[in-house]
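Colleague: Below is the file model_30.cif, with mmCIF, C-alpha atoms and all ligand atoms.
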data_data
loop_
_atom_site.label_atom_id
_atom_site.label_comp_id
_atom_site.auth_asym_id
_atom_site.auth_seq_id
_atom_site.Cartn_x
_atom_site.Cartn_y
_atom_site.Cartn_z
CA MET Y 1 5.57 -59.22 29.42
CA GLN Y 2 6.86 -57.36 32.49
CA GLN Y 3 10.41 -57.43 31.21
CA ASN Y 4 9.46 -55.85 27.99
CA GLN Y 5 7.84 -52.87 29.60
CA PRO Y 6 10.89 -50.56 29.97
CA ARG Y 7 11.78 -51.09 26.36
CA THR Y 8 8.21 -50.30 25.30
CA ARG Y 9 8.37 -47.10 27.34
CA ARG Y 10 11.60 -46.05 25.69
CA PHE Y 11 10.01 -46.56 22.29
CA ALA Y 12 6.97 -44.65 23.35
CA LEU Y 13 9.15 -41.72 24.49
CA ALA Y 14 11.13 -41.76 21.27
CA ALA Y 15 7.93 -41.80 19.29
CA LEU Y 16 6.65 -38.81 21.27
CA LEU Y 17 9.88 -36.89 20.90
CA ALA Y 18 10.05 -37.07 17.11
CA PRO Y 19 6.70 -35.37 16.47
CA ALA Y 20 7.58 -32.75 19.11
CA LEU Y 21 10.80 -31.86 17.28
CA ALA Y 22 8.96 -31.85 13.98
CA PHE Y 23 6.42 -29.48 15.53
CA VAL Y 24 9.13 -27.02 16.60
CA ALA Y 25 10.74 -27.17 13.16
CA ALA Y 26 7.41 -26.59 11.42
CA CYS Y 27 6.63 -23.55 13.52
CA ALA Y 28 9.66 -21.35 13.61
CA THR Y 29 12.20 -19.95 11.19
CA PRO Y 30 15.60 -19.32 12.82
CA PRO Y 31 16.49 -15.62 13.11
CA PRO Y 32 18.94 -14.10 10.58
CA PRO Y 33 22.46 -14.49 12.05
CA MET Y 34 23.66 -10.87 12.33
CA ALA Y 35 22.21 -8.46 14.89
CA ALA Y 36 22.50 -4.67 15.14
CA VAL Y 37 21.14 -3.12 18.32
CA HIS Y 38 19.74 0.41 18.60
CA GLN Y 39 18.22 2.35 21.50
CA ARG Y 40 14.74 0.87 21.07
CA GLY Y 41 15.31 -2.60 19.67
CA VAL Y 42 17.27 -4.88 17.39
CA VAL Y 43 17.57 -5.48 13.64
CA ARG Y 44 18.62 -8.94 12.43
CA ALA Y 45 19.90 -9.61 8.92
CA ASP Y 46 22.11 -12.01 6.94
CA THR Y 47 25.13 -9.69 6.85
CA ASP Y 48 26.61 -7.09 9.17
CA ALA Y 49 26.34 -4.41 6.49
CA GLU Y 50 22.64 -5.11 5.91
CA ALA Y 51 21.90 -5.15 9.65
CA ALA Y 52 23.74 -1.85 10.13
CA HIS Y 53 21.98 -0.21 7.17
CA PHE Y 54 18.50 -1.19 8.35
CA ARG Y 55 19.37 -0.31 11.97
CA GLY Y 56 20.09 3.25 10.80
CA LEU Y 57 16.71 3.45 9.06
CA VAL Y 58 14.75 1.96 11.98
CA ALA Y 59 16.55 4.11 14.57
CA ASP Y 60 15.59 7.19 12.54
CA LEU Y 61 11.98 6.22 11.79
CA GLN Y 62 10.83 4.57 15.02
CA PRO Y 63 10.85 7.70 17.26
CA ARG Y 64 9.23 9.68 14.45
CA VAL Y 65 6.36 7.18 14.23
CA ILE Y 66 5.89 7.52 18.02
CA ASP Y 67 5.92 11.34 17.74
CA GLY Y 68 3.70 11.37 14.64
CA LEU Y 69 0.73 9.45 16.08
CA PRO Y 70 -1.18 9.57 19.34
CA GLY Y 71 -1.86 6.30 21.15
CA THR Y 72 1.38 4.55 20.16
CA VAL Y 73 3.36 2.30 22.52
CA ASP Y 74 7.00 3.34 22.97
CA ARG Y 75 8.40 -0.19 23.10
CA ASP Y 76 11.41 -2.11 21.77
CA THR Y 77 10.98 -3.56 18.29
CA GLU Y 78 12.57 -6.51 16.52
CA VAL Y 79 13.03 -6.33 12.75
CA TRP Y 80 14.13 -9.28 10.59
CA VAL Y 81 15.53 -8.37 7.19
CA GLN Y 82 15.12 -11.35 4.86
CA ASP Y 83 15.76 -12.25 1.21
CA GLU Y 84 12.53 -14.23 1.30
CA LEU Y 85 9.89 -13.26 3.84
CA ARG Y 86 8.96 -16.08 6.19
CA HIS Y 87 8.39 -16.66 9.88
CA ARG Y 88 7.61 -20.35 9.75
CA VAL Y 89 8.71 -23.22 7.55
CA GLY Y 90 6.76 -23.47 4.32
CA PRO Y 91 6.57 -21.38 1.19
CA PRO Y 92 7.75 -17.77 1.64
CA ALA Y 93 5.46 -14.77 1.17
CA PRO Y 94 5.03 -13.77 -2.51
CA GLU Y 95 7.74 -11.45 -3.88
CA ASN Y 96 5.44 -8.44 -4.13
CA VAL Y 97 4.88 -8.51 -0.34
CA LYS Y 98 7.52 -6.10 0.97
CA GLY Y 99 6.97 -6.65 4.67
CA TYR Y 100 4.59 -7.69 7.40
CA THR Y 101 4.19 -7.46 11.16
CA LEU Y 102 3.17 -10.46 13.23
CA ILE Y 103 -0.08 -10.03 15.16
CA GLY Y 104 -1.01 -12.52 17.87
CA PRO Y 105 -4.50 -13.94 18.38
CA ASP Y 106 -4.68 -11.55 21.38
CA ARG Y 107 -4.08 -8.74 18.80
CA ARG Y 108 -0.70 -7.92 20.30
CA ARG Y 109 1.78 -6.60 17.78
CA GLY Y 110 5.04 -8.52 17.40
CA ARG Y 111 8.06 -8.79 15.16
CA ILE Y 112 8.49 -6.96 11.83
CA HIS Y 113 9.71 -8.77 8.69
CA VAL Y 114 10.93 -6.76 5.67
CA ARG Y 115 12.48 -7.77 2.37
CA ALA Y 116 16.20 -7.04 1.99
CA ASP Y 117 15.97 -6.02 -1.67
CA THR Y 118 13.25 -3.36 -1.63
CA GLU Y 119 13.98 -0.22 -3.57
CA HIS Y 120 12.47 2.04 -0.89
CA PRO Y 121 13.01 0.30 2.49
CA GLU Y 122 12.18 3.51 4.39
CA TRP Y 123 8.62 3.36 2.99
CA PHE Y 124 8.00 -0.23 4.08
CA LEU Y 125 9.77 0.14 7.41
CA ALA Y 126 7.71 3.22 8.30
CA HIS Y 127 4.56 1.32 7.26
CA GLU Y 128 5.40 -1.74 9.39
CA LEU Y 129 6.53 0.36 12.36
CA VAL Y 130 3.04 1.87 12.48
CA HIS Y 131 1.51 -1.63 12.56
CA ALA Y 132 3.98 -2.62 15.29
CA LEU Y 133 3.60 0.45 17.52
CA VAL Y 134 -0.11 1.36 17.47
CA GLY Y 135 -1.49 0.82 20.95
CA PRO Y 136 -4.69 -0.91 22.11
CA ASN Y 137 -6.81 2.27 21.78
CA TRP Y 138 -6.45 2.02 18.00
CA GLN Y 139 -8.23 -1.35 17.95
CA PRO Y 140 -11.57 0.01 16.61
CA LEU Y 141 -9.80 1.24 13.46
CA PRO Y 142 -10.95 -0.89 10.48
CA GLY Y 143 -8.14 -3.00 9.01
CA VAL Y 144 -8.40 -1.25 5.63
CA MET Y 145 -7.96 2.08 7.41
CA GLU Y 146 -4.96 0.82 9.37
CA GLU Y 147 -3.24 0.01 6.05
CA GLY Y 148 -4.11 3.53 4.90
CA LEU Y 149 -2.81 5.04 8.14
CA CYS Y 150 0.50 3.16 7.75
CA ASP Y 151 1.07 4.52 4.24
CA ALA Y 152 -0.22 8.02 5.01
CA LEU Y 153 2.31 8.36 7.85
CA ALA Y 154 5.03 6.70 5.71
CA ALA Y 155 4.41 9.41 3.07
CA GLN Y 156 4.57 12.18 5.71
CA LEU Y 157 7.81 10.83 7.20
CA ASN Y 158 9.40 10.29 3.75
CA PRO Y 159 8.39 13.35 1.68
CA HIS Y 160 10.74 12.32 -1.16
CA LEU Y 161 8.59 9.18 -1.62
CA ALA Y 162 5.19 10.80 -1.11
CA PRO Y 163 4.41 11.29 -4.85
CA ARG Y 164 5.22 7.61 -5.54
CA ILE Y 165 3.08 6.40 -2.63
CA ARG Y 166 0.20 8.71 -3.58
CA ALA Y 167 0.30 7.73 -7.28
CA LEU Y 168 0.41 3.99 -6.61
CA ARG Y 169 -2.39 4.10 -4.06
CA ALA Y 170 -4.52 6.38 -6.29
CA ILE Y 171 -4.28 3.83 -9.11
CA GLU Y 172 -5.17 1.01 -6.70
CA ALA Y 173 -8.10 2.97 -5.24
CA SER Y 174 -9.43 3.59 -8.73
CA MET Y 175 -9.31 -0.18 -9.25
CA PHE Y 176 -11.46 -0.51 -6.16
CA PHE Y 177 -14.08 1.79 -7.66
CA GLY Y 178 -13.67 0.08 -11.04
CA ARG Y 179 -12.84 3.32 -12.82
CA MET Y 180 -10.39 6.21 -12.95
CA ARG Y 181 -11.23 9.75 -13.93
CA LEU Y 182 -9.00 11.80 -16.18
CA VAL Y 183 -9.69 15.19 -17.79
CA LEU Y 184 -8.03 15.99 -21.08
CA GLU Y 185 -7.76 19.26 -23.03
CA HIS Y 186 -6.45 19.78 -26.59
CA ASP Y 187 -6.45 22.12 -29.60
CA ASP Y 188 -8.19 19.87 -32.15
CA PRO Y 189 -11.14 21.96 -33.38
CA ARG Y 190 -12.96 18.85 -34.60
CA SER Y 191 -13.76 17.44 -31.17
CA PRO Y 192 -14.85 18.96 -27.86
CA LYS Y 193 -12.01 20.95 -26.31
CA GLU Y 194 -12.26 19.21 -22.97
CA LEU Y 195 -12.81 15.48 -22.59
CA GLU Y 196 -13.73 13.87 -19.32
CA ILE Y 197 -12.69 10.26 -19.44
CA TRP Y 198 -13.51 7.48 -17.03
CA PHE Y 199 -11.34 4.42 -17.53
CA HIS Y 200 -13.22 1.29 -16.69
CA TYR Y 201 -11.35 -1.65 -15.30
CA GLU Y 202 -12.60 -4.95 -16.61
CA SER Y 203 -11.48 -6.79 -13.51
CA GLY Y 204 -10.09 -5.93 -10.13
CA ALA Y 205 -13.04 -3.98 -8.81
CA LEU Y 206 -14.23 -5.41 -5.51
CA GLY Y 207 -17.64 -3.85 -5.81
CA SER Y 208 -18.47 -0.63 -4.11
CA ASP Y 209 -19.58 -2.05 -0.80
CA VAL Y 210 -17.30 0.19 1.20
CA ASP Y 211 -19.36 -0.37 4.34
CA GLU Y 212 -18.76 -4.11 4.37
CA LEU Y 213 -15.02 -3.81 3.72
CA LEU Y 214 -14.64 -1.20 6.45
CA ALA Y 215 -16.43 -3.41 8.98
CA TYR Y 216 -13.43 -5.71 9.61
CA ASP Y 217 -10.84 -4.80 12.21
CA THR Y 218 -7.20 -5.55 11.43
CA LEU Y 219 -7.20 -9.16 12.61
CA GLU Y 220 -10.54 -9.92 10.93
CA LEU Y 221 -9.30 -8.41 7.65
CA LYS Y 222 -6.30 -10.75 7.68
CA GLN Y 223 -8.65 -13.68 8.33
CA ARG Y 224 -11.00 -12.56 5.53
CA PHE Y 225 -8.23 -12.23 2.91
CA ALA Y 226 -5.17 -14.51 2.79
CA ARG Y 227 -3.54 -11.56 1.05
CA VAL Y 228 -5.25 -8.16 1.34
CA PRO Y 229 -6.01 -7.00 -2.26
CA ASP Y 230 -4.05 -3.99 -3.54
CA ALA Y 231 -7.31 -2.17 -4.24
CA LEU Y 232 -7.98 -2.07 -0.49
CA TYR Y 233 -4.58 -0.51 0.22
CA GLY Y 234 -5.64 2.18 -2.24
CA LEU Y 235 -9.04 2.68 -0.61
CA GLY Y 236 -7.53 2.95 2.88
CA PHE Y 237 -4.87 5.39 1.73
CA VAL Y 238 -7.30 7.67 -0.09
CA LEU Y 239 -9.56 7.86 2.96
CA ALA Y 240 -6.71 8.29 5.49
CA THR Y 241 -5.01 10.97 3.39
CA ARG Y 242 -8.20 12.96 2.90
CA ILE Y 243 -8.94 12.75 6.63
CA ALA Y 244 -5.35 13.89 7.37
CA GLU Y 245 -5.78 16.84 4.98
CA ARG Y 246 -8.92 17.90 6.81
CA GLY Y 247 -7.91 17.47 10.46
CA GLY Y 248 -4.64 15.54 10.73
CA LEU Y 249 -4.11 11.80 11.19
CA ALA Y 250 -4.99 12.25 14.88
CA THR Y 251 -8.62 12.53 13.70
CA LEU Y 252 -8.55 8.78 13.10
CA TYR Y 253 -7.49 8.27 16.71
CA SER Y 254 -10.31 10.50 17.98
CA LEU Y 255 -12.77 8.44 15.93
CA CYS Y 256 -11.43 5.24 17.55
CA ARG Y 257 -11.89 6.74 21.03
CA GLU Y 258 -15.40 7.89 20.16
CA ALA Y 259 -16.31 4.45 18.77
CA GLU Y 260 -15.18 2.88 22.03
CA ARG Y 261 -17.25 5.37 24.07
CA GLN Y 262 -20.31 4.53 22.01
CA GLY Y 263 -19.77 0.77 22.24
CA GLU Y 264 -18.94 0.31 18.55
CA SER Y 265 -16.43 -2.50 17.92
CA VAL Y 266 -15.12 -0.71 14.81
CA VAL Y 267 -15.40 2.91 13.70
CA PRO Y 268 -18.56 3.05 11.54
CA ALA Y 269 -17.91 3.54 7.82
CA ASP Y 270 -20.12 6.63 7.59
CA TRP Y 271 -18.03 8.44 10.22
CA LEU Y 272 -14.93 7.79 8.13
CA LEU Y 273 -16.51 8.84 4.84
CA THR Y 274 -17.83 12.05 6.40
CA ALA Y 275 -14.41 12.85 7.92
CA ALA Y 276 -12.91 12.31 4.44
CA GLY Y 277 -15.49 14.61 2.79
CA LEU Y 278 -16.89 11.69 0.78
CA ASP Y 279 -20.52 11.29 1.78
CA ASP Y 280 -21.68 11.05 -1.80
CA SER Y 281 -20.80 7.83 -3.65
CA GLU Y 282 -20.05 9.80 -6.85
CA ASP Y 283 -17.48 11.82 -4.89
CA GLN Y 284 -15.88 8.57 -3.75
CA ALA Y 285 -15.00 7.51 -7.30
CA ARG Y 286 -13.53 10.97 -7.97
CA ALA Y 287 -11.25 10.79 -4.94
CA PRO Y 288 -8.28 8.95 -6.56
CA TYR Y 289 -8.07 11.62 -9.28
CA GLU Y 290 -7.86 14.31 -6.61
CA LEU Y 291 -4.66 12.75 -5.26
CA ILE Y 292 -2.84 13.29 -8.56
CA GLY Y 293 -0.72 16.46 -8.80
CA PRO Y 294 2.12 17.07 -11.28
CA ALA Y 295 4.66 15.00 -9.28
CA GLU Y 296 2.17 12.13 -8.86
CA LEU Y 297 1.41 12.24 -12.60
CA SER Y 298 5.10 11.63 -13.41
CA GLU Y 299 5.09 8.69 -11.00
CA TRP Y 300 1.92 7.34 -12.64
CA VAL Y 301 3.67 7.40 -16.03
CA ALA Y 302 6.61 5.51 -14.52
CA LEU Y 303 4.35 2.98 -12.77
CA LEU Y 304 2.26 2.17 -15.86
CA PRO Y 305 4.56 2.48 -18.89
CA GLY Y 306 2.68 2.98 -22.16
CA PHE Y 307 -0.65 3.83 -20.54
CA HIS Y 308 -0.70 7.54 -21.44
CA ALA Y 309 0.69 7.05 -24.96
CA ASN Y 310 -1.92 4.35 -25.60
CA LEU Y 311 -4.62 6.73 -24.46
CA LEU Y 312 -3.60 9.28 -27.10
CA VAL Y 313 -3.48 6.59 -29.78
CA GLN Y 314 -6.98 5.42 -28.90
CA LEU Y 315 -8.45 8.92 -28.79
CA PHE Y 316 -6.70 10.65 -31.67
CA HIS Y 317 -4.94 8.29 -34.06
CA GLY Y 318 -8.03 7.70 -36.19
CA ALA Y 319 -8.40 11.40 -37.05
CA HIS Y 320 -4.67 12.16 -37.23
CA ARG Y 321 -3.14 9.06 -38.76
CA HIS Y 322 -1.66 11.06 -41.65
CA THR Y 323 0.49 13.17 -39.33
CA SER Y 324 3.50 11.98 -37.38
CA ALA Y 325 3.39 11.58 -33.61
CA ALA Y 326 5.68 14.60 -33.20
CA GLN Y 327 3.49 16.80 -35.43
CA PHE Y 328 0.40 15.63 -33.60
CA LEU Y 329 1.90 16.57 -30.21
CA ASP Y 330 2.91 20.03 -31.48
CA ARG Y 331 -0.34 20.87 -33.29
CA VAL Y 332 -2.98 19.31 -31.06
CA ASN Y 333 -0.99 19.81 -27.83
CA PRO Y 334 -3.00 17.44 -25.59
CA ARG Y 335 -2.93 18.34 -21.89
CA ILE Y 336 -4.06 16.61 -18.72
CA VAL Y 337 -6.13 18.85 -16.46
CA LEU Y 338 -5.43 17.94 -12.84
CA ALA Y 339 -7.97 18.28 -10.06
CA ASP Y 340 -6.51 21.60 -8.87
CA GLY Y 341 -6.68 23.04 -12.41
CA THR Y 342 -2.97 22.58 -13.22
CA ARG Y 343 -2.42 21.64 -16.87
CA VAL Y 344 0.38 19.25 -17.80
CA ARG Y 345 1.27 18.81 -21.50
CA PHE Y 346 1.51 15.19 -22.62
CA ALA Y 347 4.65 16.21 -24.54
CA ASP Y 348 6.29 17.09 -21.20
CA LEU Y 349 5.58 13.70 -19.56
CA PRO Y 350 8.82 11.72 -19.12
CA GLY Y 351 9.43 9.37 -22.06
CA LEU Y 352 6.06 10.17 -23.67
CA ARG Y 353 7.40 11.43 -27.03
CA ALA Y 354 9.44 8.29 -27.76
CA ASP Y 355 6.68 6.03 -26.45
CA LEU Y 356 4.03 7.69 -28.62
CA GLN Y 357 6.29 7.62 -31.68
CA GLN Y 358 6.58 3.87 -31.33
CA ARG Y 359 2.86 3.25 -30.82
CA TRP Y 360 1.62 5.84 -33.31
CA SER Y 361 3.23 4.19 -36.33
CA VAL Y 362 1.98 0.73 -35.32
CA PRO Y 363 -1.14 1.46 -33.30
CA ASN Y 364 -2.19 -2.17 -33.01
CA ALA Y 365 1.11 -3.31 -31.51
CA ARG Y 366 0.34 -2.55 -27.91
ZN ZN G 401 0.33 -3.16 6.22
#
Can you present the structure in this file as structure tokens?

Modeller:
Amino acid sequence: MQQNQPRTRRFALAALLAPALAFVAACATPPPPMAAVHQRGVVRADTDAEAAHFRGLVADLQPRVIDGLPGTVDRDTEVWVQDELRHRVGPPAPENVKGYTLIGPDRRRGRIHVRADTEHPEWFLAHELVHALVGPNWQPLPGVMEEGLCDALAAQLNPHLAPRIRALRAIEASMFFGRMRLVLEHDDPRSPKELEIWFHYESGALGSDVDELLAYDTLELKQRFARVPDALYGLGFVLATRIAERGGLATLYSLCREAERQGESVVPADWLLTAAGLDDSEDQARAPYELIGPAELSEWVALLPGFHANLLVQLFHGAHRHTSAAQFLDRVNPRIVLADGTRVRFADLPGLRADLQQRWSVPNAR
């Protein structure tokens, strides 16, 4: 018995060691092999060229995020550029997730992960840099609003992408409210000259309980949703952008400070809605439409191909089926009336003529 003891111990140690190694392997993904250092951190990627490209973007954006927001922490960052987003072994994040920032249980912000193949890396990097650099005084900001803050600043720092960001988030916000407003004008004497249309989404609406969804802070939001629904990115962006238009993004910071003074764990929803000029629930559903200007309209057409042509088919084909699509566009001249009163002719929307031609002759094939 005694003689066997050392051997038993060795076995016991080996048995302990194997699960320990397995634990390490299950927890961590090794960093991408190539590193590019900049003044305030490091970018890691699979190739030198990729690391250098993203280093240039981060080195440009990071100080601008610090300058653009109060209450940020001027610290070093670490960015991993990956073909598939992951920070631990297991399935990678879905392809439509463009990036994320690790947040510890103590709410400390950690490493940034971004996809290597994104079309607009400067958008997603700016967004993640906000997550990574907001300081502890921002903690009372609801998680939905933090997503909105990230995109609102990303749009400010990348004006060439602002119409795309605004259009996408307006569509998503309208999904949150379950409907999207559009005003249409035309020269057909047989129907009212101006049509106000509300598109209803059959699914995707999360209900209109804005108060409940704004009650989670960032960590709680991530615990509530394994993947935060797109509609909430839209809601956060609409609110943050409207607040920025009224008093600057720093207003959100002042609200966080005030919440802390008053002992509120998160900024109350009614403070946010008031700051956004959206006290009335009917106004809230109108808000996505108010984000759409001419440039955003073109992006909307690109984001949802066929949507605007289908709309014309549904509204007008019955009464005009004996005319061609081209004749219909010239005679009836449908226009979209934007929130600021600008009129945009459907015929001038990119690709609309060809798209309508195709759907007009075979209206059911859509
Ligand atoms: Zn985010």

Colleague: Determine, for each residue of chain Y having at least one atom at most 8 Å from an atom of ligand ZN 401 (chain G), the closest pair of atoms and their separation in Å to one decimal, counting all atoms listed in the file; order by chain and ascending number, as JSON lines.

Modeller:
{"residue": "Y:Gly99", "atom": "CA", "partner": "G:ZN401", "partner_atom": "ZN", "distance": 7.7}
{"residue": "Y:Tyr100", "atom": "CA", "partner": "G:ZN401", "partner_atom": "ZN", "distance": 6.3}
{"residue": "Y:Thr101", "atom": "CA", "partner": "G:ZN401", "partner_atom": "ZN", "distance": 7.6}
{"residue": "Y:His127", "atom": "CA", "partner": "G:ZN401", "partner_atom": "ZN", "distance": 6.2}
{"residue": "Y:Glu128", "atom": "CA", "partner": "G:ZN401", "partner_atom": "ZN", "distance": 6.1}
{"residue": "Y:His131", "atom": "CA", "partner": "G:ZN401", "partner_atom": "ZN", "distance": 6.6}
{"residue": "Y:Glu146", "atom": "CA", "partner": "G:ZN401", "partner_atom": "ZN", "distance": 7.3}
{"residue": "Y:Glu147", "atom": "CA", "partner": "G:ZN401", "partner_atom": "ZN", "distance": 4.8}
{"residue": "Y:Cys150", "atom": "CA", "partner": "G:ZN401", "partner_atom": "ZN", "distance": 6.5}
{"residue": "Y:Asp151", "atom": "CA", "partner": "G:ZN401", "partner_atom": "ZN", "distance": 8.0}

Colleague: Any idea what's packed within 9 Å of Leu214 of chain Y, counting only C-alpha atoms, ignoring anything in its chain fewer than 4 positions away? Could you give it as an MDAnalysis selection string?

Modeller: chainID Y and resid 141:145 209:210 236 266:269

Colleague: Would you export the selected residues with C-alpha atoms as an mmCIF file, in the frame of the given file, please?

Modeller:
data_model
loop_
_atom_site.group_PDB
_atom_site.id
_atom_site.type_symbol
_atom_site.label_atom_id
_atom_site.label_comp_id
_atom_site.auth_asym_id
_atom_site.auth_seq_id
_atom_site.Cartn_x
_atom_site.Cartn_y
_atom_site.Cartn_z
ATOM 1 C CA LEU Y 141 -9.800 1.240 13.460
ATOM 2 C CA PRO Y 142 -10.950 -0.890 10.480
ATOM 3 C CA GLY Y 143 -8.140 -3.000 9.010
ATOM 4 C CA VAL Y 144 -8.400 -1.250 5.630
ATOM 5 C CA MET Y 145 -7.960 2.080 7.410
ATOM 6 C CA ASP Y 209 -19.580 -2.050 -0.800
ATOM 7 C CA VAL Y 210 -17.300 0.190 1.200
ATOM 8 C CA GLY Y 236 -7.530 2.950 2.880
ATOM 9 C CA VAL Y 266 -15.120 -0.710 14.810
ATOM 10 C CA VAL Y 267 -15.400 2.910 13.700
ATOM 11 C CA PRO Y 268 -18.560 3.050 11.540
ATOM 12 C CA ALA Y 269 -17.910 3.540 7.820
#

Colleague: Find, counting only C-alpha atoms, the residue in Y:Leu219, Y:Pro31, Y:Phe54, Y:Phe199 that gets nearest to Ile103 of chain Y.

Modeller: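 Answer, going by the shortest atom-to-atom distance: Y:Leu219.
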
Colleague: As JSON, please report the centre and edge lengths, rounded to one decimal in Å, of the axis-aligned box that holds all listed atoms of segment 311-317 of chain Y with 4 Å of padding on each of the six sides.

Modeller:
{"center_x": -6.0, "center_y": 8.0, "center_z": -29.3, "size_x": 13.0, "size_y": 13.2, "size_z": 17.6}

Colleague: Interatomic distance between atom CA of His53 of chain Y and atom CA of Asp74 of chain Y?

Modeller: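 Atom CA of His53 of chain Y sits 22.1 Å away from atom CA of Asp74 of chain Y.
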
Colleague: So what do you get for atom CA of Ala295 of chain Y versus atom CA of Phe346 of chain Y, distance-wise?

Modeller: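 Going from atom CA of Ala295 of chain Y over to atom CA of Phe346 of chain Y, I get 13.7 Å.
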
Colleague: Counting all atoms listed in the file, which of Y:Arg242, Y:His186, Y:Asp230, Y:Trp80 gets nearest to Phe328 of chain Y?

Modeller: Y:His186
